[in-house]
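Visitor: Sharing a structure, written as structure tokens. Questions coming.
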Amino acid sequence: MLRVINILLLSLVIYSAFCLVNKRYQSRIDHARLAALKNQADVLNKEYTKLELEEGTFSSNLVLQDFAVNKLGLIQPDKNHIIGIK
């Protein structure tokens, strides 16, 4: 009877050890994945910041006016080109 209990306890200890090793391994994999995702998030945040700055630059009135005058050939209206409607 004592021998059966010892074998049962030994098998429980071995099973517990395998479970512990497996959990630690999964924890290390998850930590590595988390670190990779944080790095990817940092890269994406930097790119988003660049795009916001670029959008601010291209949406300013001076850039639009320069594009309209130089690239499209539009002219700035003066008093001779403005017609009033009554």
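Note on naming: chains are A, B, ... as they come in the structure tokens, residues start from 1 per chain, ligands start from 1 in the order shown.
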Taking only chain A into account, list the residues labelled helix (DSSP H, G or I) by DSSP (computed from the backbone), as number ranges by chain.

Guide: A: 2-58, 61-70
